[in-house]
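What's in upload35.pdb: PDB, N, CA and C atoms
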ATOM      1  N   PHE A  11       0.845  -1.165   0.000
ATOM      2  CA  PHE A  11       0.000   0.000   0.000
ATOM      3  C   PHE A  11       0.883   1.218   0.000
ATOM      4  N   LYS A  12       0.554   2.123  -0.844
ATOM      5  CA  LYS A  12       1.276   3.385  -0.877
ATOM      6  C   LYS A  12       0.304   4.490  -0.505
ATOM      7  N   GLY A  13       0.825   5.528   0.112
ATOM      8  CA  GLY A  13      -0.025   6.631   0.512
ATOM      9  C   GLY A  13      -0.598   6.401   1.891
ATOM     10  N   SER A  14      -1.657   7.109   2.181
ATOM     11  CA  SER A  14      -2.261   7.055   3.504
ATOM     12  C   SER A  14      -3.523   6.197   3.467
ATOM     13  N   HIS A  15      -3.530   5.138   4.243
ATOM     14  CA  HIS A  15      -4.682   4.246   4.321
ATOM     15  C   HIS A  15      -4.938   3.908   5.783
ATOM     16  N   THR A  16      -6.200   3.786   6.119
ATOM     17  CA  THR A  16      -6.568   3.318   7.446
ATOM     18  C   THR A  16      -6.912   1.846   7.321
ATOM     19  N   ILE A  17      -6.186   1.021   8.049
ATOM     20  CA  ILE A  17      -6.358  -0.427   7.956
ATOM     21  C   ILE A  17      -6.406  -1.029   9.355
ATOM     22  N   THR A  18      -6.782  -2.278   9.403
ATOM     23  CA  THR A  18      -6.602  -3.103  10.591
ATOM     24  C   THR A  18      -5.731  -4.273  10.160
ATOM     25  N   PHE A  19      -4.717  -4.549  10.955
ATOM     26  CA  PHE A  19      -3.787  -5.632  10.642
ATOM     27  C   PHE A  19      -3.857  -6.658  11.756
ATOM     28  N   PHE A  20      -4.284  -7.865  11.413
ATOM     29  CA  PHE A  20      -4.308  -8.975  12.355
ATOM     30  C   PHE A  20      -2.941  -9.644  12.289
ATOM     31  N   ALA A  21      -2.005  -9.124  13.050
ATOM     32  CA  ALA A  21      -0.609  -9.565  12.975
ATOM     33  C   ALA A  21      -0.396 -10.852  13.760
ATOM     34  N   PRO A  22       0.163 -11.851  13.102
ATOM     35  CA  PRO A  22       0.543 -13.064  13.840
ATOM     36  C   PRO A  22       1.633 -12.725  14.866
ATOM     37  N   ASN A  23       1.547 -13.341  16.026
ATOM     38  CA  ASN A  23       2.590 -13.100  17.032
ATOM     39  C   ASN A  23       3.729 -14.106  16.855
ATOM     40  N   ASP A  24       4.753 -13.971  17.672
ATOM     41  CA  ASP A  24       5.918 -14.858  17.559
ATOM     42  C   ASP A  24       5.535 -16.328  17.698
ATOM     43  N   ALA A  25       4.600 -16.619  18.595
ATOM     44  CA  ALA A  25       4.186 -18.010  18.803
ATOM     45  C   ALA A  25       3.584 -18.597  17.523
ATOM     46  N   ALA A  26       2.838 -17.793  16.788
ATOM     47  CA  ALA A  26       2.252 -18.275  15.529
ATOM     48  C   ALA A  26       3.341 -18.568  14.504
ATOM     49  N   PHE A  27       4.331 -17.695  14.421
ATOM     50  CA  PHE A  27       5.422 -17.921  13.470
ATOM     51  C   PHE A  27       6.237 -19.153  13.844
ATOM     52  N   LEU A  28       6.375 -19.431  15.134
ATOM     53  CA  LEU A  28       7.145 -20.598  15.558
ATOM     54  C   LEU A  28       6.472 -21.916  15.172
ATOM     55  N   LYS A  29       5.181 -21.878  14.887
ATOM     56  CA  LYS A  29       4.461 -23.082  14.463
ATOM     57  C   LYS A  29       4.695 -23.408  12.985
ATOM     58  N   LEU A  30       5.237 -22.450  12.239
ATOM     59  CA  LEU A  30       5.478 -22.670  10.816
ATOM     60  C   LEU A  30       6.784 -23.421  10.601
ATOM     61  N   PRO A  31       6.873 -24.213   9.549
ATOM     62  CA  PRO A  31       8.136 -24.883   9.239
ATOM     63  C   PRO A  31       9.229 -23.843   8.971
ATOM     64  N   ILE A  32      10.418 -24.068   9.510
ATOM     65  CA  ILE A  32      11.521 -23.126   9.361
ATOM     66  C   ILE A  32      11.860 -22.905   7.891
ATOM     67  N   ALA A  33      11.735 -23.931   7.072
ATOM     68  CA  ALA A  33      12.026 -23.787   5.642
ATOM     69  C   ALA A  33      11.080 -22.780   4.985
ATOM     70  N   LEU A  34       9.825 -22.782   5.399
ATOM     71  CA  LEU A  34       8.856 -21.828   4.860
ATOM     72  C   LEU A  34       9.238 -20.404   5.248
ATOM     73  N   LEU A  35       9.599 -20.212   6.501
ATOM     74  CA  LEU A  35      10.010 -18.884   6.958
ATOM     75  C   LEU A  35      11.252 -18.405   6.216
ATOM     76  N   GLU A  36      12.227 -19.268   6.086
ATOM     77  CA  GLU A  36      13.454 -18.895   5.382
ATOM     78  C   GLU A  36      13.147 -18.552   3.925
ATOM     79  N   ASP A  37      12.268 -19.327   3.311
ATOM     80  CA  ASP A  37      11.920 -19.105   1.910
ATOM     81  C   ASP A  37      11.232 -17.759   1.708
ATOM     82  N   VAL A  38      10.262 -17.452   2.537
ATOM     83  CA  VAL A  38       9.496 -16.219   2.359
ATOM     84  C   VAL A  38      10.338 -14.976   2.649
ATOM     85  N   LEU A  39      11.402 -15.131   3.417
ATOM     86  CA  LEU A  39      12.268 -13.994   3.730
ATOM     87  C   LEU A  39      13.369 -13.761   2.695
ATOM     88  N   GLU A  40      13.478 -14.644   1.729
ATOM     89  CA  GLU A  40      14.451 -14.455   0.645
ATOM     90  C   GLU A  40      14.046 -13.239  -0.189
ATOM     91  N   PRO A  41      15.004 -12.388  -0.570
ATOM     92  CA  PRO A  41      14.672 -11.214  -1.395
ATOM     93  C   PRO A  41      13.894 -11.559  -2.669
ATOM     94  N   ALA A  42      14.170 -12.685  -3.269
ATOM     95  CA  ALA A  42      13.463 -13.078  -4.493
ATOM     96  C   ALA A  42      11.987 -13.375  -4.242
ATOM     97  N   ASN A  43      11.623 -13.604  -2.987
ATOM     98  CA  ASN A  43      10.242 -13.952  -2.642
ATOM     99  C   ASN A  43       9.500 -12.813  -1.948
ATOM    100  N   GLN A  44       9.949 -11.599  -2.171
ATOM    101  CA  GLN A  44       9.364 -10.432  -1.510
ATOM    102  C   GLN A  44       7.865 -10.294  -1.806
ATOM    103  N   GLU A  45       7.444 -10.614  -3.016
ATOM    104  CA  GLU A  45       6.021 -10.510  -3.357
ATOM    105  C   GLU A  45       5.186 -11.500  -2.551
ATOM    106  N   ASN A  46       5.712 -12.698  -2.314
ATOM    107  CA  ASN A  46       5.002 -13.679  -1.483
ATOM    108  C   ASN A  46       4.835 -13.162  -0.066
ATOM    109  N   LEU A  47       5.873 -12.536   0.465
ATOM    110  CA  LEU A  47       5.798 -11.970   1.810
ATOM    111  C   LEU A  47       4.759 -10.856   1.855
ATOM    112  N   LYS A  48       4.737 -10.001   0.846
ATOM    113  CA  LYS A  48       3.737  -8.923   0.796
ATOM    114  C   LYS A  48       2.325  -9.496   0.769
ATOM    115  N   ARG A  49       2.104 -10.549  -0.038
ATOM    116  CA  ARG A  49       0.776 -11.170  -0.100
ATOM    117  C   ARG A  49       0.388 -11.759   1.254
ATOM    118  N   PHE A  50       1.356 -12.407   1.915
ATOM    119  CA  PHE A  50       1.085 -12.980   3.230
ATOM    120  C   PHE A  50       0.673 -11.886   4.208
ATOM    121  N   ILE A  51       1.412 -10.803   4.229
ATOM    122  CA  ILE A  51       1.097  -9.694   5.138
ATOM    123  C   ILE A  51      -0.265  -9.105   4.813
ATOM    124  N   ARG A  52      -0.519  -8.859   3.548
ATOM    125  CA  ARG A  52      -1.801  -8.251   3.159
ATOM    126  C   ARG A  52      -2.983  -9.178   3.412
ATOM    127  N   SER A  53      -2.754 -10.479   3.429
ATOM    128  CA  SER A  53      -3.863 -11.401   3.706
ATOM    129  C   SER A  53      -4.365 -11.259   5.137
ATOM    130  N   HIS A  54      -3.583 -10.586   5.983
ATOM    131  CA  HIS A  54      -3.962 -10.342   7.371
ATOM    132  C   HIS A  54      -4.493  -8.927   7.591
ATOM    133  N   MET A  55      -4.736  -8.192   6.510
ATOM    134  CA  MET A  55      -5.182  -6.804   6.593
ATOM    135  C   MET A  55      -6.606  -6.654   6.092
ATOM    136  N   ILE A  56      -7.350  -5.745   6.729
ATOM    137  CA  ILE A  56      -8.647  -5.335   6.212
ATOM    138  C   ILE A  56      -8.593  -3.826   5.980
ATOM    139  N   SER A  57      -9.440  -3.351   5.090
ATOM    140  CA  SER A  57      -9.367  -1.965   4.621
ATOM    141  C   SER A  57     -10.165  -0.970   5.454
ATOM    142  N   LYS A  58     -10.342  -1.248   6.707
ATOM    143  CA  LYS A  58     -11.040  -0.287   7.566
ATOM    144  C   LYS A  58     -10.507  -0.427   8.985
ATOM    145  N   PRO A  59     -10.634   0.622   9.752
ATOM    146  CA  PRO A  59     -10.169   0.543  11.139
ATOM    147  C   PRO A  59     -11.176  -0.228  11.995
ATOM    148  N   LEU A  60     -10.672  -1.103  12.844
ATOM    149  CA  LEU A  60     -11.508  -1.837  13.794
ATOM    150  C   LEU A  60     -10.814  -1.851  15.146
ATOM    151  N   THR A  61     -11.583  -1.714  16.185
ATOM    152  CA  THR A  61     -11.088  -1.953  17.540
ATOM    153  C   THR A  61     -11.756  -3.228  18.032
ATOM    154  N   LEU A  62     -11.304  -3.752  19.141
ATOM    155  CA  LEU A  62     -11.949  -4.945  19.697
ATOM    156  C   LEU A  62     -13.421  -4.681  19.984
ATOM    157  N   ALA A  63     -13.741  -3.456  20.395
ATOM    158  CA  ALA A  63     -15.140  -3.115  20.666
ATOM    159  C   ALA A  63     -15.993  -3.160  19.398
ATOM    160  N   ASP A  64     -15.387  -2.885  18.238
ATOM    161  CA  ASP A  64     -16.115  -2.886  16.964
ATOM    162  C   ASP A  64     -16.381  -4.287  16.431
ATOM    163  N   ILE A  65     -15.578  -5.241  16.827
ATOM    164  CA  ILE A  65     -15.642  -6.581  16.239
ATOM    165  C   ILE A  65     -16.862  -7.340  16.747
ATOM    166  N   THR A  66     -17.549  -7.984  15.807
ATOM    167  CA  THR A  66     -18.674  -8.848  16.149
ATOM    168  C   THR A  66     -18.470 -10.194  15.466
ATOM    169  N   THR A  67     -19.170 -11.207  15.941
ATOM    170  CA  THR A  67     -19.099 -12.515  15.304
ATOM    171  C   THR A  67     -19.668 -12.414  13.893
ATOM    172  N   GLY A  68     -18.974 -13.025  12.969
ATOM    173  CA  GLY A  68     -19.395 -13.006  11.568
ATOM    174  C   GLY A  68     -18.182 -13.152  10.687
ATOM    175  N   SER A  69     -18.091 -12.313   9.673
ATOM    176  CA  SER A  69     -16.910 -12.342   8.817
ATOM    177  C   SER A  69     -16.592 -10.934   8.346
ATOM    178  N   VAL A  70     -15.344 -10.763   7.993
ATOM    179  CA  VAL A  70     -14.851  -9.518   7.427
ATOM    180  C   VAL A  70     -13.875  -9.915   6.331
ATOM    181  N   SER A  71     -13.871  -9.188   5.242
ATOM    182  CA  SER A  71     -13.001  -9.552   4.124
ATOM    183  C   SER A  71     -11.648  -8.870   4.229
ATOM    184  N   ASN A  72     -10.591  -9.625   3.906
ATOM    185  CA  ASN A  72      -9.261  -9.017   3.872
ATOM    186  C   ASN A  72      -9.138  -8.153   2.617
ATOM    187  N   VAL A  73      -7.989  -7.531   2.409
ATOM    188  CA  VAL A  73      -7.829  -6.606   1.284
ATOM    189  C   VAL A  73      -7.931  -7.298  -0.074
ATOM    190  N   PHE A  74      -7.859  -8.628  -0.113
ATOM    191  CA  PHE A  74      -8.027  -9.381  -1.350
ATOM    192  C   PHE A  74      -9.483  -9.804  -1.564
ATOM    193  N   GLY A  75     -10.354  -9.479  -0.598
ATOM    194  CA  GLY A  75     -11.751  -9.875  -0.696
ATOM    195  C   GLY A  75     -12.038 -11.253  -0.139
ATOM    196  N   VAL A  76     -11.049 -11.878   0.478
ATOM    197  CA  VAL A  76     -11.226 -13.208   1.055
ATOM    198  C   VAL A  76     -11.818 -13.055   2.458
ATOM    199  N   PRO A  77     -12.937 -13.725   2.739
ATOM    200  CA  PRO A  77     -13.545 -13.590   4.059
ATOM    201  C   PRO A  77     -12.709 -14.237   5.165
ATOM    202  N   LEU A  78     -12.626 -13.524   6.282
ATOM    203  CA  LEU A  78     -11.994 -14.033   7.496
ATOM    204  C   LEU A  78     -13.113 -14.273   8.496
ATOM    205  N   LYS A  79     -13.172 -15.485   9.052
ATOM    206  CA  LYS A  79     -14.202 -15.812  10.048
ATOM    207  C   LYS A  79     -13.833 -15.182  11.383
ATOM    208  N   VAL A  80     -14.789 -14.513  11.988
ATOM    209  CA  VAL A  80     -14.567 -13.850  13.268
ATOM    210  C   VAL A  80     -15.553 -14.411  14.281
ATOM    211  N   HIS A  81     -15.038 -14.741  15.449
ATOM    212  CA  HIS A  81     -15.883 -15.199  16.555
ATOM    213  C   HIS A  81     -15.516 -14.385  17.786
ATOM    214  N   LYS A  82     -16.524 -13.806  18.419
ATOM    215  CA  LYS A  82     -16.279 -13.005  19.622
ATOM    216  C   LYS A  82     -17.213 -13.480  20.719
ATOM    217  N   ASN A  83     -16.636 -13.684  21.903
ATOM    218  CA  ASN A  83     -17.452 -13.943  23.083
ATOM    219  C   ASN A  83     -16.919 -13.065  24.216
ATOM    220  N   ALA A  84     -17.389 -13.265  25.411
ATOM    221  CA  ALA A  84     -17.003 -12.401  26.527
ATOM    222  C   ALA A  84     -15.522 -12.475  26.870
ATOM    223  N   SER A  85     -14.860 -13.578  26.530
ATOM    224  CA  SER A  85     -13.472 -13.745  26.961
ATOM    225  C   SER A  85     -12.428 -13.640  25.852
ATOM    226  N   LYS A  86     -12.841 -13.774  24.579
ATOM    227  CA  LYS A  86     -11.826 -13.739  23.528
ATOM    228  C   LYS A  86     -12.434 -13.418  22.173
ATOM    229  N   VAL A  87     -11.534 -13.048  21.264
ATOM    230  CA  VAL A  87     -11.886 -12.830  19.864
ATOM    231  C   VAL A  87     -10.988 -13.735  19.034
ATOM    232  N   LEU A  88     -11.595 -14.479  18.122
ATOM    233  CA  LEU A  88     -10.853 -15.361  17.217
ATOM    234  C   LEU A  88     -11.034 -14.873  15.790
ATOM    235  N   VAL A  89      -9.951 -14.855  15.033
ATOM    236  CA  VAL A  89      -9.998 -14.575  13.598
ATOM    237  C   VAL A  89      -9.428 -15.807  12.914
ATOM    238  N   ASN A  90     -10.283 -16.496  12.150
ATOM    239  CA  ASN A  90      -9.896 -17.784  11.536
ATOM    240  C   ASN A  90      -9.277 -18.715  12.554
ATOM    241  N   SER A  91      -9.854 -18.807  13.711
ATOM    242  CA  SER A  91      -9.470 -19.659  14.837
ATOM    243  C   SER A  91      -8.208 -19.228  15.567
ATOM    244  N   ALA A  92      -7.604 -18.108  15.188
ATOM    245  CA  ALA A  92      -6.438 -17.581  15.910
ATOM    246  C   ALA A  92      -6.897 -16.494  16.874
ATOM    247  N   ALA A  93      -6.488 -16.617  18.120
ATOM    248  CA  ALA A  93      -6.906 -15.659  19.143
ATOM    249  C   ALA A  93      -6.173 -14.327  18.984
ATOM    250  N   ILE A  94      -6.915 -13.252  19.142
ATOM    251  CA  ILE A  94      -6.307 -11.922  19.222
ATOM    252  C   ILE A  94      -5.800 -11.780  20.644
ATOM    253  N   VAL A  95      -4.495 -11.532  20.784
ATOM    254  CA  VAL A  95      -3.909 -11.474  22.113
ATOM    255  C   VAL A  95      -3.646 -10.046  22.582
ATOM    256  N   SER A  96      -3.659  -9.088  21.666
ATOM    257  CA  SER A  96      -3.429  -7.699  22.035
ATOM    258  C   SER A  96      -4.074  -6.810  20.989
ATOM    259  N   GLU A  97      -4.716  -5.748  21.445
ATOM    260  CA  GLU A  97      -5.356  -4.848  20.486
ATOM    261  C   GLU A  97      -4.340  -3.944  19.809
ATOM    262  N   TYR A  98      -3.335  -3.520  20.539
ATOM    263  CA  TYR A  98      -2.340  -2.605  19.967
ATOM    264  C   TYR A  98      -0.954  -3.167  20.165
ATOM    265  N   MET A  99      -0.121  -2.966  19.179
ATOM    266  CA  MET A  99       1.261  -3.406  19.294
ATOM    267  C   MET A  99       2.165  -2.233  19.037
TER     268      MET A  99
END

Encoded form (structure tokens):
Amino acid sequence: FKGSHTITFFAPNDAAFLKLPIALLEDVLEPANQENLKRFIRSHMISKPLTLADITTGSVSNVFGVPLKVHKNASKVLVNSAAIVSEYM
């Protein structure tokens, strides 16, 4: 994204990255694979600002138009079964 955009980014935390095969991580970080890394990052972005208070159970589409399943209850929020652990980083 270039310019000024308001987005929400559901960023994987370190624990999520540790679950991935090391070969995959090494591959995506290669300079030749920069576009793959950009797609991965953008797949976790939506084109509007959201706070935890704004989130409801249902779905929201990422910047590619792919729906992300959202589940919210009194104790947690899940996006595609991954728990949101912090609202701001």

For this session: Find the residues near A:His81: any atom within 7 Å, counting only N, CA and C atoms, skip ones fewer than 2 places away on the same chain, and give them as a ChimeraX atom specification.
Result: /A:66-69,79,83,86-91

Problem set entry | Atomic separation - atom CA of A:Lys82 relative to atom CA of A:Phe19, Å | 17.1 Å

Exercise. Distance atom N of A:Ala26-atom CA of A:Ser71, one decimal place?
Worked result: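 Going from atom N of A:Ala26 over to atom CA of A:Ser71 covers 21.9 Å.
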
For this session: Extract the full set of strand (DSSP E or B) residues from chain A according to DSSP on the backbone, and format it as a list in words.
Result: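 DSSP-assigned strand (DSSP E or B) residues in chain A: Thr18, Phe19, Met55, Ile56, Gly68, Ser69, Val70, Ser71, Pro77, Leu78, Lys79, Val80, His81, Lys82, Val87, Leu88, Val89, Ala92 and Ala93 of chain A.
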
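Among the candidate residues A:Leu47, A:Lys58, A:Glu40, A:Leu34, the one lying nearest to A:Ile17 is A:Lys58, with distances computed using only C-alpha atoms.
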
Exercise. So which residues touch A:His54 within 9 Å, counting only C-alpha atoms, skipping near sequence neighbours fewer than 3 positions away, as an MDAnalysis selection string?
Worked result: chainID A and resid 18:22 49:51 72:73 78

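The space separating atom C of A:Ser53 from atom CA of A:Val80 comes to 13.3 Å.
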
Model the absent atoms of stretch 26-44 of chain A so that N, CA, C and O atoms are present, and write the result as a CSV table (one decimal), in the coordinates of the input.
chain,number,residue,atom,x,y,z
A,26,ALA,N,2.8,-17.8,16.8
A,26,ALA,CA,2.3,-18.3,15.5
A,26,ALA,C,3.3,-18.6,14.5
A,26,ALA,O,3.3,-19.6,13.8
A,27,PHE,N,4.3,-17.7,14.4
A,27,PHE,CA,5.4,-17.9,13.5
A,27,PHE,C,6.2,-19.2,13.8
A,27,PHE,O,6.7,-19.9,13.0
A,28,LEU,N,6.4,-19.4,15.1
A,28,LEU,CA,7.1,-20.6,15.6
A,28,LEU,C,6.5,-21.9,15.2
A,28,LEU,O,7.1,-23.0,15.1
A,29,LYS,N,5.2,-21.9,14.9
A,29,LYS,CA,4.5,-23.1,14.5
A,29,LYS,C,4.7,-23.4,13.0
A,29,LYS,O,4.4,-24.5,12.5
A,30,LEU,N,5.2,-22.4,12.2
A,30,LEU,CA,5.5,-22.7,10.8
A,30,LEU,C,6.8,-23.4,10.6
A,30,LEU,O,7.7,-23.3,11.4
A,31,PRO,N,6.9,-24.2,9.5
A,31,PRO,CA,8.1,-24.9,9.2
A,31,PRO,C,9.2,-23.8,9.0
A,31,PRO,O,9.0,-22.9,8.3
A,32,ILE,N,10.4,-24.1,9.5
A,32,ILE,CA,11.5,-23.1,9.4
A,32,ILE,C,11.9,-22.9,7.9
A,32,ILE,O,12.2,-21.8,7.5
A,33,ALA,N,11.7,-23.9,7.1
A,33,ALA,CA,12.0,-23.8,5.6
A,33,ALA,C,11.1,-22.8,5.0
A,33,ALA,O,11.5,-22.0,4.1
A,34,LEU,N,9.8,-22.8,5.4
A,34,LEU,CA,8.9,-21.8,4.9
A,34,LEU,C,9.2,-20.4,5.2
A,34,LEU,O,9.2,-19.5,4.4
A,35,LEU,N,9.6,-20.2,6.5
A,35,LEU,CA,10.0,-18.9,7.0
A,35,LEU,C,11.3,-18.4,6.2
A,35,LEU,O,11.3,-17.3,5.8
A,36,GLU,N,12.2,-19.3,6.1
A,36,GLU,CA,13.5,-18.9,5.4
A,36,GLU,C,13.1,-18.6,3.9
A,36,GLU,O,13.7,-17.6,3.4
A,37,ASP,N,12.3,-19.3,3.3
A,37,ASP,CA,11.9,-19.1,1.9
A,37,ASP,C,11.2,-17.8,1.7
A,37,ASP,O,11.6,-17.0,0.8
A,38,VAL,N,10.3,-17.5,2.5
A,38,VAL,CA,9.5,-16.2,2.4
A,38,VAL,C,10.3,-15.0,2.6
A,38,VAL,O,10.1,-13.9,2.1
A,39,LEU,N,11.4,-15.1,3.4
A,39,LEU,CA,12.3,-14.0,3.7
A,39,LEU,C,13.4,-13.8,2.7
A,39,LEU,O,14.1,-12.8,2.8
A,40,GLU,N,13.5,-14.6,1.7
A,40,GLU,CA,14.5,-14.5,0.6
A,40,GLU,C,14.0,-13.2,-0.2
A,40,GLU,O,12.9,-13.1,-0.5
A,41,PRO,N,15.0,-12.4,-0.6
A,41,PRO,CA,14.7,-11.2,-1.4
A,41,PRO,C,13.9,-11.6,-2.7
A,41,PRO,O,13.0,-10.8,-3.1
A,42,ALA,N,14.2,-12.7,-3.3
A,42,ALA,CA,13.5,-13.1,-4.5
A,42,ALA,C,12.0,-13.4,-4.2
A,42,ALA,O,11.2,-13.4,-5.2
A,43,ASN,N,11.6,-13.6,-3.0
A,43,ASN,CA,10.2,-14.0,-2.6
A,43,ASN,C,9.5,-12.8,-1.9
A,43,ASN,O,8.5,-13.0,-1.3
A,44,GLN,N,9.9,-11.6,-2.2
A,44,GLN,CA,9.4,-10.4,-1.5
A,44,GLN,C,7.9,-10.3,-1.8
A,44,GLN,O,7.1,-9.9,-0.9
